[in-house]
Structure formats: structure tokens, C-alpha cells
Amino acid sequence: MTLNPKLTKLLNEQINNEMSSSYVYLAMAAWFERTPYAGFAQWMFAQSGEETMHALKFYQYLVDRDAKVELQPIEKPKMDYKSVMDAFQYSLKQEEKVTQQINDLYEVAEQVKDHASKNLLLWFLNEQMEEEKTVRDMLDRLKLAGDDAASLLVLDREAGSRKSTGGGSRPNMVGGGA
Ligand SMILES: [Fe+2]
Ligand SMILES: [Fe+2]
């Protein structure tokens, strides 16, 4: 079944949205690297990798459906944040925006009765629900920690132990590993 042209265009846009998201998180990782919070830097780096995996999932889907992949320029991400809280609040907004995008995509897939696309998008909707929850949980704990340095460092350590499914850990250039 040929992929509907409107759906093809929107799925291509979603590759760009996910890559932009990946860029936003990489910028956040870079910002955290210049603070004492190495754990949050690791968290954002891992999140950036996950977003790249999302983009590649849409890419692969278009290829599998024999549709044309059209890559667009990626917007320059916001590079500076006021605080840990500020970065995570921005992250939540980012995820809510993506959830809306996927939701809109699902609606189009439904309109054109493309059930395979609906199936792909359902996976993404669940993923979005999880990502929003993870960020909200962190925001709750950041609120609780407030300006208390010891509490923030506990959260930072916890964030740093986060396992990534996509991007993996930050490469350790100094150690010269594999
Ligand atoms: Fe994503
Ligand atoms: Fe995400």
C-alpha cells in the first residue's frame, strides 16, 4: 500500500522534529557539563541519543514503506539555561510539544485509514507518555530539593545512573576506551 502523500510529508517532518529534539537535549547536556552536575549532563546526553533513535525509527519506517525520505535543516537549539529546574521545565515543554505532534500525526493516519502507521504512532504515543512522566517526576523532586545543594547532588547522582536504551554513555575520550 502506497503511503499517503500528506502522511509521508508529516512523517518526514517528524524525523526533523526528533532530530531537533535530540539537538535540544545535546545543548542541555553541554550546558550541564559546565556546571557541577555531571549526572544531569549524562542524563541529557542519553536523552539526546534516544531522540536520535526516534528520528531513525521514522526514517526506517519511510524506507520500509517505500516512501521518499526528505531531510530538512535542523534549527539551532537554545544553549543557555538559568538553573537545573529551568532546563527540566524546558524539557517537559519540549516533550509536550512532541506528544502533540505525534497525536496530530495519528489523527491523519486515522483519516487515511493507514493502520500500519497508526501502529507505529501508538508506540510513539506510549513512549511520549513515559517520557513526560519521567520528566515530571524529576521536576517534582527538584521542587522538593529547592536550593539545597546536598539534595540536588543526590538527584544528580541518580540522574547519572540512568540507563540509556538508545544513545549509550558519553564517550570517555580521556580513558581512550574501545
Ligand atoms: Fe522522541
Ligand atoms: Fe522525547
# chains A, B, ... in the order shown; residues from 1 in each chain; ligands from 1
call {"tool": "residues_near_ligand", "arguments": {"ligand": "ligand 2", "cutoff": "6 Å", "atoms": "only C-alpha atoms and all ligand atoms", "output": "mmCIF file with all heavy atoms, in the first residue's frame"}}
result
data_model
loop_
_atom_site.group_PDB
_atom_site.id
_atom_site.type_symbol
_atom_site.label_atom_id
_atom_site.label_comp_id
_atom_site.auth_asym_id
_atom_site.auth_seq_id
_atom_site.Cartn_x
_atom_site.Cartn_y
_atom_site.Cartn_z
ATOM 1 N N GLU A 51 16.426 10.445 21.315
ATOM 2 C CA GLU A 51 15.688 11.214 20.305
ATOM 3 C C GLU A 51 16.235 10.925 18.904
ATOM 4 O O GLU A 51 15.479 10.847 17.943
ATOM 5 C CB GLU A 51 15.743 12.713 20.609
ATOM 6 C CG GLU A 51 15.172 13.117 21.959
ATOM 7 C CD GLU A 51 13.712 12.725 22.170
ATOM 8 O OE1 GLU A 51 13.025 12.356 21.203
ATOM 9 O OE2 GLU A 51 13.254 12.786 23.319
ATOM 10 N N GLU A 95 8.810 17.892 25.433
ATOM 11 C CA GLU A 95 8.121 16.602 25.314
ATOM 12 C C GLU A 95 6.627 16.784 25.056
ATOM 13 O O GLU A 95 6.024 16.037 24.279
ATOM 14 C CB GLU A 95 8.349 15.751 26.568
ATOM 15 C CG GLU A 95 9.774 15.237 26.719
ATOM 16 C CD GLU A 95 10.306 14.535 25.479
ATOM 17 O OE1 GLU A 95 9.525 13.905 24.739
ATOM 18 O OE2 GLU A 95 11.517 14.639 25.231
ATOM 19 N N GLU A 131 7.991 9.386 28.718
ATOM 20 C CA GLU A 131 8.984 10.461 28.804
ATOM 21 C C GLU A 131 8.447 11.643 29.594
ATOM 22 O O GLU A 131 9.154 12.230 30.398
ATOM 23 C CB GLU A 131 9.438 10.884 27.410
ATOM 24 C CG GLU A 131 10.357 9.864 26.784
ATOM 25 C CD GLU A 131 11.118 10.387 25.573
ATOM 26 O OE1 GLU A 131 10.802 11.485 25.087
ATOM 27 O OE2 GLU A 131 12.029 9.677 25.119
#
call {"tool": "residues_around", "arguments": {"residues": "A:Trp43", "least_positions_apart": "4", "cutoff": "8 Å", "atoms": "only C-alpha atoms", "output": "list in words"}}
result
Ala29, Gly39, Gln47, Ala159, Gly160 and Arg162 of chain A
call {"tool": "select_by_dssp", "arguments": {"residues": "stretch 29-152 of chain A", "states": "alpha helix (DSSP H)", "output": "ChimeraX atom specification"}}
result
/A:29-33,38-64,84-111,115-145,149-152
call {"tool": "residues_around", "arguments": {"residues": "stretch 124-130 of chain A", "least_positions_apart": "6", "cutoff": "8 Å", "atoms": "only C-alpha atoms", "output": "NGL selection string"}}
result
:A and (95 or 98-99 or 102-103)
call {"tool": "closest_atom_pairs", "arguments": {"of": "stretch 101-130 of chain A", "to": "stretch 64-70 of chain A", "cutoff": "12 Å", "atoms": "only C-alpha atoms", "output": "tab-separated table"}}
result
residue	atom	partner	partner_atom	distance
A:Asp114	CA	A:Arg65	CA	11.4
A:Ala116	CA	A:Arg65	CA	9.6
A:Ser117	CA	A:Arg65	CA	9.7
A:Leu120	CA	A:Arg65	CA	12.0
call {"tool": "write_last_selection", "arguments": {"atoms": "N, CA and C atoms", "output": "CSV table (one decimal), in the first residue's frame"}}
result
chain,number,residue,atom,x,y,z
A,114,ASP,N,-4.6,4.3,7.5
A,114,ASP,CA,-3.4,3.6,7.4
A,114,ASP,C,-3.0,3.0,8.8
A,116,ALA,N,-1.0,0.5,9.6
A,116,ALA,CA,0.4,0.3,9.9
A,116,ALA,C,1.0,1.5,10.6
A,117,SER,N,0.7,2.7,10.0
A,117,SER,CA,1.2,4.0,10.5
A,117,SER,C,0.6,4.2,11.9
A,120,LEU,N,2.6,2.2,14.4
A,120,LEU,CA,3.9,2.9,14.7
A,120,LEU,C,3.7,4.1,15.6
call {"tool": "residues_around", "arguments": {"residues": "stretch 146-155 of chain A", "least_positions_apart": "3", "cutoff": "12 Å", "atoms": "only C-alpha atoms", "output": "ChimeraX atom specification"}}
result
/A:35-40,43,83-85,137-143,158-162
call {"tool": "write_last_selection", "arguments": {"atoms": "N, CA and C atoms", "output": "JSON list (two decimals), in the first residue's frame"}}
result
[["chain", "number", "residue", "atom", "x", "y", "z"],
["A", 35, "THR", "N", 28.46, 22.97, 34.53],
["A", 35, "THR", "CA", 28.02, 23.13, 35.91],
["A", 35, "THR", "C", 28.62, 21.97, 36.72],
["A", 36, "PRO", "N", 28.42, 21.92, 38.05],
["A", 36, "PRO", "CA", 28.95, 20.77, 38.82],
["A", 36, "PRO", "C", 28.12, 19.50, 38.61],
["A", 37, "TYR", "N", 27.05, 19.57, 37.80],
["A", 37, "TYR", "CA", 26.12, 18.44, 37.71],
["A", 37, "TYR", "C", 26.43, 17.48, 36.55],
["A", 38, "ALA", "N", 27.41, 16.62, 36.77],
["A", 38, "ALA", "CA", 27.82, 15.66, 35.73],
["A", 38, "ALA", "C", 26.72, 14.64, 35.47],
["A", 39, "GLY", "N", 25.92, 14.34, 36.50],
["A", 39, "GLY", "CA", 24.84, 13.36, 36.35],
["A", 39, "GLY", "C", 23.74, 13.85, 35.42],
["A", 40, "PHE", "N", 23.36, 15.10, 35.59],
["A", 40, "PHE", "CA", 22.33, 15.67, 34.70],
["A", 40, "PHE", "C", 22.86, 15.77, 33.28],
["A", 43, "TRP", "N", 22.44, 12.41, 31.84],
["A", 43, "TRP", "CA", 21.01, 12.19, 31.58],
["A", 43, "TRP", "C", 20.61, 12.81, 30.23],
["A", 83, "SER", "N", 18.88, 27.51, 35.41],
["A", 83, "SER", "CA", 19.06, 26.61, 36.56],
["A", 83, "SER", "C", 18.73, 25.18, 36.12],
["A", 84, "VAL", "N", 18.97, 24.24, 37.02],
["A", 84, "VAL", "CA", 18.62, 22.84, 36.75],
["A", 84, "VAL", "C", 17.12, 22.76, 36.47],
["A", 85, "MET", "N", 16.35, 23.42, 37.32],
["A", 85, "MET", "CA", 14.90, 23.44, 37.19],
["A", 85, "MET", "C", 14.47, 24.00, 35.83],
["A", 137, "ASP", "N", 8.34, 13.57, 37.12],
["A", 137, "ASP", "CA", 8.83, 13.02, 38.39],
["A", 137, "ASP", "C", 10.10, 13.75, 38.83],
["A", 138, "MET", "N", 10.99, 13.98, 37.87],
["A", 138, "MET", "CA", 12.23, 14.69, 38.21],
["A", 138, "MET", "C", 11.92, 16.11, 38.67],
["A", 139, "LEU", "N", 11.00, 16.78, 37.97],
["A", 139, "LEU", "CA", 10.62, 18.14, 38.36],
["A", 139, "LEU", "C", 10.05, 18.17, 39.78],
["A", 140, "ASP", "N", 9.24, 17.19, 40.12],
["A", 140, "ASP", "CA", 8.67, 17.12, 41.48],
["A", 140, "ASP", "C", 9.77, 17.05, 42.52],
["A", 141, "ARG", "N", 10.77, 16.20, 42.23],
["A", 141, "ARG", "CA", 11.86, 16.04, 43.20],
["A", 141, "ARG", "C", 12.78, 17.26, 43.23],
["A", 142, "LEU", "N", 12.92, 17.93, 42.08],
["A", 142, "LEU", "CA", 13.73, 19.17, 42.06],
["A", 142, "LEU", "C", 13.05, 20.25, 42.89],
["A", 143, "LYS", "N", 11.72, 20.30, 42.82],
["A", 143, "LYS", "CA", 10.98, 21.28, 43.62],
["A", 143, "LYS", "C", 11.20, 21.02, 45.10],
["A", 158, "GLU", "N", 21.63, 10.31, 40.96],
["A", 158, "GLU", "CA", 20.58, 9.40, 40.48],
["A", 158, "GLU", "C", 20.39, 9.56, 38.96],
["A", 159, "ALA", "N", 20.37, 10.81, 38.50],
["A", 159, "ALA", "CA", 20.20, 11.07, 37.07],
["A", 159, "ALA", "C", 21.35, 10.46, 36.27],
["A", 160, "GLY", "N", 22.54, 10.50, 36.86],
["A", 160, "GLY", "CA", 23.72, 9.99, 36.17],
["A", 160, "GLY", "C", 23.73, 8.48, 36.03],
["A", 161, "SER", "N", 22.92, 7.80, 36.86],
["A", 161, "SER", "CA", 22.91, 6.34, 36.79],
["A", 161, "SER", "C", 21.85, 5.84, 35.83],
["A", 162, "ARG", "N", 21.16, 6.78, 35.18],
["A", 162, "ARG", "CA", 20.12, 6.41, 34.24],
["A", 162, "ARG", "C", 20.67, 5.56, 33.10]]
call {"tool": "closest_residue", "arguments": {"among": "A:Tyr25, A:Tyr106, A:Phe88, A:Trp123", "to": "A:Thr52", "atoms": "only C-alpha atoms"}}
result
A:Tyr25
call {"tool": "atom_distance", "arguments": {"atom1": "atom CA of A:Asn119", "atom2": "atom CA of A:Glu13"}}
result
18.2 Å
call {"tool": "residues_around", "arguments": {"residues": "A:Leu56", "least_positions_apart": "3", "cutoff": "12 Å", "atoms": "only C-alpha atoms", "output": "number ranges by chain"}}
result
A: 11-12, 14-19, 22, 49-53, 59-64, 69, 71, 166-167
call {"tool": "closest_residue", "arguments": {"among": "A:Tyr23, A:Tyr90, A:Tyr81, A:Phe32", "to": "ligand 1", "atoms": "only C-alpha atoms and all ligand atoms"}}
result
A:Tyr23
call {"tool": "closest_residue", "arguments": {"among": "A:Leu121, A:Ala55, A:Leu144, A:Val112", "to": "ligand 1", "atoms": "only C-alpha atoms and all ligand atoms"}}
result
A:Ala55
call {"tool": "decode", "arguments": {"residues": "stretch 1-152 of chain A", "atoms": "C-alpha atoms", "output": "PDB file, in the first residue's frame"}}
result
ATOM      1  CA  MET A   1       0.000   0.000   0.000  1.00  0.00           C
ATOM      2  CA  THR A   2       1.453   3.342  -1.062  1.00  0.00           C
ATOM      3  CA  LEU A   3       1.958   5.755   1.770  1.00  0.00           C
ATOM      4  CA  ASN A   4      -0.428   8.708   1.579  1.00  0.00           C
ATOM      5  CA  PRO A   5       1.426  11.900   0.400  1.00  0.00           C
ATOM      6  CA  LYS A   6       0.252  14.035   3.324  1.00  0.00           C
ATOM      7  CA  LEU A   7       1.263  11.336   5.794  1.00  0.00           C
ATOM      8  CA  THR A   8       4.630  10.986   4.019  1.00  0.00           C
ATOM      9  CA  LYS A   9       5.238  14.712   4.380  1.00  0.00           C
ATOM     10  CA  LEU A  10       4.305  14.703   8.071  1.00  0.00           C
ATOM     11  CA  LEU A  11       6.421  11.633   8.858  1.00  0.00           C
ATOM     12  CA  ASN A  12       9.367  13.362   7.196  1.00  0.00           C
ATOM     13  CA  GLU A  13       8.695  16.429   9.335  1.00  0.00           C
ATOM     14  CA  GLN A  14       8.697  14.176  12.377  1.00  0.00           C
ATOM     15  CA  ILE A  15      12.229  12.983  11.523  1.00  0.00           C
ATOM     16  CA  ASN A  16      13.177  16.646  11.739  1.00  0.00           C
ATOM     17  CA  ASN A  17      11.228  17.202  14.973  1.00  0.00           C
ATOM     18  CA  GLU A  18      13.020  14.271  16.619  1.00  0.00           C
ATOM     19  CA  MET A  19      16.427  15.407  15.384  1.00  0.00           C
ATOM     20  CA  SER A  20      15.670  18.917  16.663  1.00  0.00           C
ATOM     21  CA  SER A  21      14.696  17.380  19.974  1.00  0.00           C
ATOM     22  CA  SER A  22      17.967  15.450  20.014  1.00  0.00           C
ATOM     23  CA  TYR A  23      19.793  18.732  19.399  1.00  0.00           C
ATOM     24  CA  VAL A  24      17.913  20.479  22.221  1.00  0.00           C
ATOM     25  CA  TYR A  25      18.995  17.732  24.639  1.00  0.00           C
ATOM     26  CA  LEU A  26      22.578  17.770  23.381  1.00  0.00           C
ATOM     27  CA  ALA A  27      22.663  21.529  24.009  1.00  0.00           C
ATOM     28  CA  MET A  28      21.311  20.905  27.511  1.00  0.00           C
ATOM     29  CA  ALA A  29      23.990  18.240  28.095  1.00  0.00           C
ATOM     30  CA  ALA A  30      26.634  20.768  27.025  1.00  0.00           C
ATOM     31  CA  TRP A  31      25.166  23.366  29.368  1.00  0.00           C
ATOM     32  CA  PHE A  32      25.198  20.896  32.294  1.00  0.00           C
ATOM     33  CA  GLU A  33      28.813  19.957  31.505  1.00  0.00           C
ATOM     34  CA  ARG A  34      29.752  23.491  32.551  1.00  0.00           C
ATOM     35  CA  THR A  35      28.016  23.126  35.915  1.00  0.00           C
ATOM     36  CA  PRO A  36      28.945  20.770  38.817  1.00  0.00           C
ATOM     37  CA  TYR A  37      26.117  18.436  37.705  1.00  0.00           C
ATOM     38  CA  ALA A  38      27.815  15.663  35.730  1.00  0.00           C
ATOM     39  CA  GLY A  39      24.842  13.356  36.354  1.00  0.00           C
ATOM     40  CA  PHE A  40      22.332  15.669  34.703  1.00  0.00           C
ATOM     41  CA  ALA A  41      24.777  16.098  31.812  1.00  0.00           C
ATOM     42  CA  GLN A  42      24.818  12.317  31.403  1.00  0.00           C
ATOM     43  CA  TRP A  43      21.011  12.190  31.580  1.00  0.00           C
ATOM     44  CA  MET A  44      20.614  14.815  28.834  1.00  0.00           C
ATOM     45  CA  PHE A  45      23.267  13.157  26.691  1.00  0.00           C
ATOM     46  CA  ALA A  46      21.412   9.832  26.955  1.00  0.00           C
ATOM     47  CA  GLN A  47      18.127  11.580  26.154  1.00  0.00           C
ATOM     48  CA  SER A  48      19.684  13.144  23.069  1.00  0.00           C
ATOM     49  CA  GLY A  49      20.661   9.661  21.896  1.00  0.00           C
ATOM     50  CA  GLU A  50      17.113   8.401  22.416  1.00  0.00           C
ATOM     51  CA  GLU A  51      15.688  11.214  20.305  1.00  0.00           C
ATOM     52  CA  THR A  52      18.122  10.369  17.504  1.00  0.00           C
ATOM     53  CA  MET A  53      16.881   6.764  17.715  1.00  0.00           C
ATOM     54  CA  HIS A  54      13.313   8.076  17.365  1.00  0.00           C
ATOM     55  CA  ALA A  55      14.281  10.000  14.239  1.00  0.00           C
ATOM     56  CA  LEU A  56      15.891   6.846  12.830  1.00  0.00           C
ATOM     57  CA  LYS A  57      12.758   4.842  13.601  1.00  0.00           C
ATOM     58  CA  PHE A  58      10.702   7.225  11.445  1.00  0.00           C
ATOM     59  CA  TYR A  59      13.423   7.137   8.789  1.00  0.00           C
ATOM     60  CA  GLN A  60      13.378   3.342   8.705  1.00  0.00           C
ATOM     61  CA  TYR A  61       9.591   3.292   8.553  1.00  0.00           C
ATOM     62  CA  LEU A  62       9.570   5.562   5.477  1.00  0.00           C
ATOM     63  CA  VAL A  63      12.211   3.365   3.836  1.00  0.00           C
ATOM     64  CA  ASP A  64      10.253   0.207   4.671  1.00  0.00           C
ATOM     65  CA  ARG A  65       7.097   1.752   3.201  1.00  0.00           C
ATOM     66  CA  ASP A  66       8.998   2.624   0.029  1.00  0.00           C
ATOM     67  CA  ALA A  67       8.367   6.339   0.611  1.00  0.00           C
ATOM     68  CA  LYS A  68      10.812   9.161  -0.128  1.00  0.00           C
ATOM     69  CA  VAL A  69      12.930  10.458   2.761  1.00  0.00           C
ATOM     70  CA  GLU A  70      13.352  14.252   2.721  1.00  0.00           C
ATOM     71  CA  LEU A  71      15.737  15.697   5.288  1.00  0.00           C
ATOM     72  CA  GLN A  72      15.462  19.331   6.351  1.00  0.00           C
ATOM     73  CA  PRO A  73      17.843  21.668   8.207  1.00  0.00           C
ATOM     74  CA  ILE A  74      17.852  21.382  11.990  1.00  0.00           C
ATOM     75  CA  GLU A  75      17.163  24.531  13.993  1.00  0.00           C
ATOM     76  CA  LYS A  76      19.806  25.930  16.362  1.00  0.00           C
ATOM     77  CA  PRO A  77      18.833  24.838  19.871  1.00  0.00           C
ATOM     78  CA  LYS A  78      18.594  27.009  22.978  1.00  0.00           C
ATOM     79  CA  MET A  79      22.087  26.881  24.519  1.00  0.00           C
ATOM     80  CA  ASP A  80      21.664  28.539  27.926  1.00  0.00           C
ATOM     81  CA  TYR A  81      19.563  27.817  30.982  1.00  0.00           C
ATOM     82  CA  LYS A  82      19.069  29.644  34.261  1.00  0.00           C
ATOM     83  CA  SER A  83      19.060  26.610  36.561  1.00  0.00           C
ATOM     84  CA  VAL A  84      18.619  22.839  36.755  1.00  0.00           C
ATOM     85  CA  MET A  85      14.897  23.437  37.189  1.00  0.00           C
ATOM     86  CA  ASP A  86      14.795  25.737  34.168  1.00  0.00           C
ATOM     87  CA  ALA A  87      16.367  23.037  31.964  1.00  0.00           C
ATOM     88  CA  PHE A  88      13.944  20.344  33.108  1.00  0.00           C
ATOM     89  CA  GLN A  89      10.968  22.655  32.692  1.00  0.00           C
ATOM     90  CA  TYR A  90      12.105  23.304  29.136  1.00  0.00           C
ATOM     91  CA  SER A  91      12.466  19.554  28.673  1.00  0.00           C
ATOM     92  CA  LEU A  92       8.861  18.994  29.772  1.00  0.00           C
ATOM     93  CA  LYS A  93       7.627  21.662  27.343  1.00  0.00           C
ATOM     94  CA  GLN A  94       9.687  20.007  24.616  1.00  0.00           C
ATOM     95  CA  GLU A  95       8.121  16.602  25.314  1.00  0.00           C
ATOM     96  CA  GLU A  96       4.599  18.029  25.471  1.00  0.00           C
ATOM     97  CA  LYS A  97       5.151  19.628  22.083  1.00  0.00           C
ATOM     98  CA  VAL A  98       6.313  16.321  20.597  1.00  0.00           C
ATOM     99  CA  THR A  99       3.340  14.490  22.115  1.00  0.00           C
ATOM    100  CA  GLN A 100       1.052  16.969  20.343  1.00  0.00           C
ATOM    101  CA  GLN A 101       2.906  16.412  17.062  1.00  0.00           C
ATOM    102  CA  ILE A 102       2.561  12.624  17.302  1.00  0.00           C
ATOM    103  CA  ASN A 103      -1.065  12.973  18.310  1.00  0.00           C
ATOM    104  CA  ASP A 104      -1.755  15.079  15.211  1.00  0.00           C
ATOM    105  CA  LEU A 105       0.098  12.541  13.068  1.00  0.00           C
ATOM    106  CA  TYR A 106      -2.017   9.737  14.483  1.00  0.00           C
ATOM    107  CA  GLU A 107      -5.152  11.637  13.542  1.00  0.00           C
ATOM    108  CA  VAL A 108      -4.013  11.939   9.929  1.00  0.00           C
ATOM    109  CA  ALA A 109      -3.117   8.220   9.838  1.00  0.00           C
ATOM    110  CA  GLU A 110      -6.622   7.504  11.078  1.00  0.00           C
ATOM    111  CA  GLN A 111      -8.221   9.772   8.477  1.00  0.00           C
ATOM    112  CA  VAL A 112      -6.447   7.965   5.636  1.00  0.00           C
ATOM    113  CA  LYS A 113      -7.049   4.573   7.305  1.00  0.00           C
ATOM    114  CA  ASP A 114      -3.374   3.642   7.391  1.00  0.00           C
ATOM    115  CA  HIS A 115      -3.297   1.077  10.173  1.00  0.00           C
ATOM    116  CA  ALA A 116       0.416   0.280   9.940  1.00  0.00           C
ATOM    117  CA  SER A 117       1.207   3.953  10.529  1.00  0.00           C
ATOM    118  CA  LYS A 118      -1.267   4.058  13.384  1.00  0.00           C
ATOM    119  CA  ASN A 119       0.563   1.124  14.942  1.00  0.00           C
ATOM    120  CA  LEU A 120       3.920   2.900  14.673  1.00  0.00           C
ATOM    121  CA  LEU A 121       2.440   6.084  16.106  1.00  0.00           C
ATOM    122  CA  LEU A 122       0.840   4.223  19.002  1.00  0.00           C
ATOM    123  CA  TRP A 123       4.304   3.052  20.025  1.00  0.00           C
ATOM    124  CA  PHE A 124       5.408   6.675  19.992  1.00  0.00           C
ATOM    125  CA  LEU A 125       2.378   7.841  21.980  1.00  0.00           C
ATOM    126  CA  ASN A 126       3.236   5.372  24.740  1.00  0.00           C
ATOM    127  CA  GLU A 127       6.859   6.452  24.600  1.00  0.00           C
ATOM    128  CA  GLN A 128       5.775  10.092  24.986  1.00  0.00           C
ATOM    129  CA  MET A 129       3.614   9.255  27.972  1.00  0.00           C
ATOM    130  CA  GLU A 130       6.621   7.622  29.644  1.00  0.00           C
ATOM    131  CA  GLU A 131       8.984  10.461  28.804  1.00  0.00           C
ATOM    132  CA  GLU A 132       6.593  13.102  30.116  1.00  0.00           C
ATOM    133  CA  LYS A 133       6.160  11.118  33.318  1.00  0.00           C
ATOM    134  CA  THR A 134       9.913  10.716  33.829  1.00  0.00           C
ATOM    135  CA  VAL A 135      10.493  14.446  33.430  1.00  0.00           C
ATOM    136  CA  ARG A 136       7.539  15.346  35.661  1.00  0.00           C
ATOM    137  CA  ASP A 137       8.833  13.021  38.395  1.00  0.00           C
ATOM    138  CA  MET A 138      12.232  14.686  38.213  1.00  0.00           C
ATOM    139  CA  LEU A 139      10.620  18.144  38.364  1.00  0.00           C
ATOM    140  CA  ASP A 140       8.671  17.118  41.479  1.00  0.00           C
ATOM    141  CA  ARG A 141      11.865  16.036  43.195  1.00  0.00           C
ATOM    142  CA  LEU A 142      13.729  19.166  42.057  1.00  0.00           C
ATOM    143  CA  LYS A 143      10.976  21.280  43.615  1.00  0.00           C
ATOM    144  CA  LEU A 144      11.366  19.340  46.833  1.00  0.00           C
ATOM    145  CA  ALA A 145      15.154  19.808  46.793  1.00  0.00           C
ATOM    146  CA  GLY A 146      14.856  23.548  46.155  1.00  0.00           C
ATOM    147  CA  ASP A 147      18.225  25.261  46.656  1.00  0.00           C
ATOM    148  CA  ASP A 148      19.617  22.590  48.964  1.00  0.00           C
ATOM    149  CA  ALA A 149      22.958  21.616  47.419  1.00  0.00           C
ATOM    150  CA  ALA A 150      23.139  18.219  49.131  1.00  0.00           C
ATOM    151  CA  SER A 151      19.695  17.198  47.843  1.00  0.00           C
ATOM    152  CA  LEU A 152      20.500  18.425  44.347  1.00  0.00           C
TER     153      LEU A 152
END
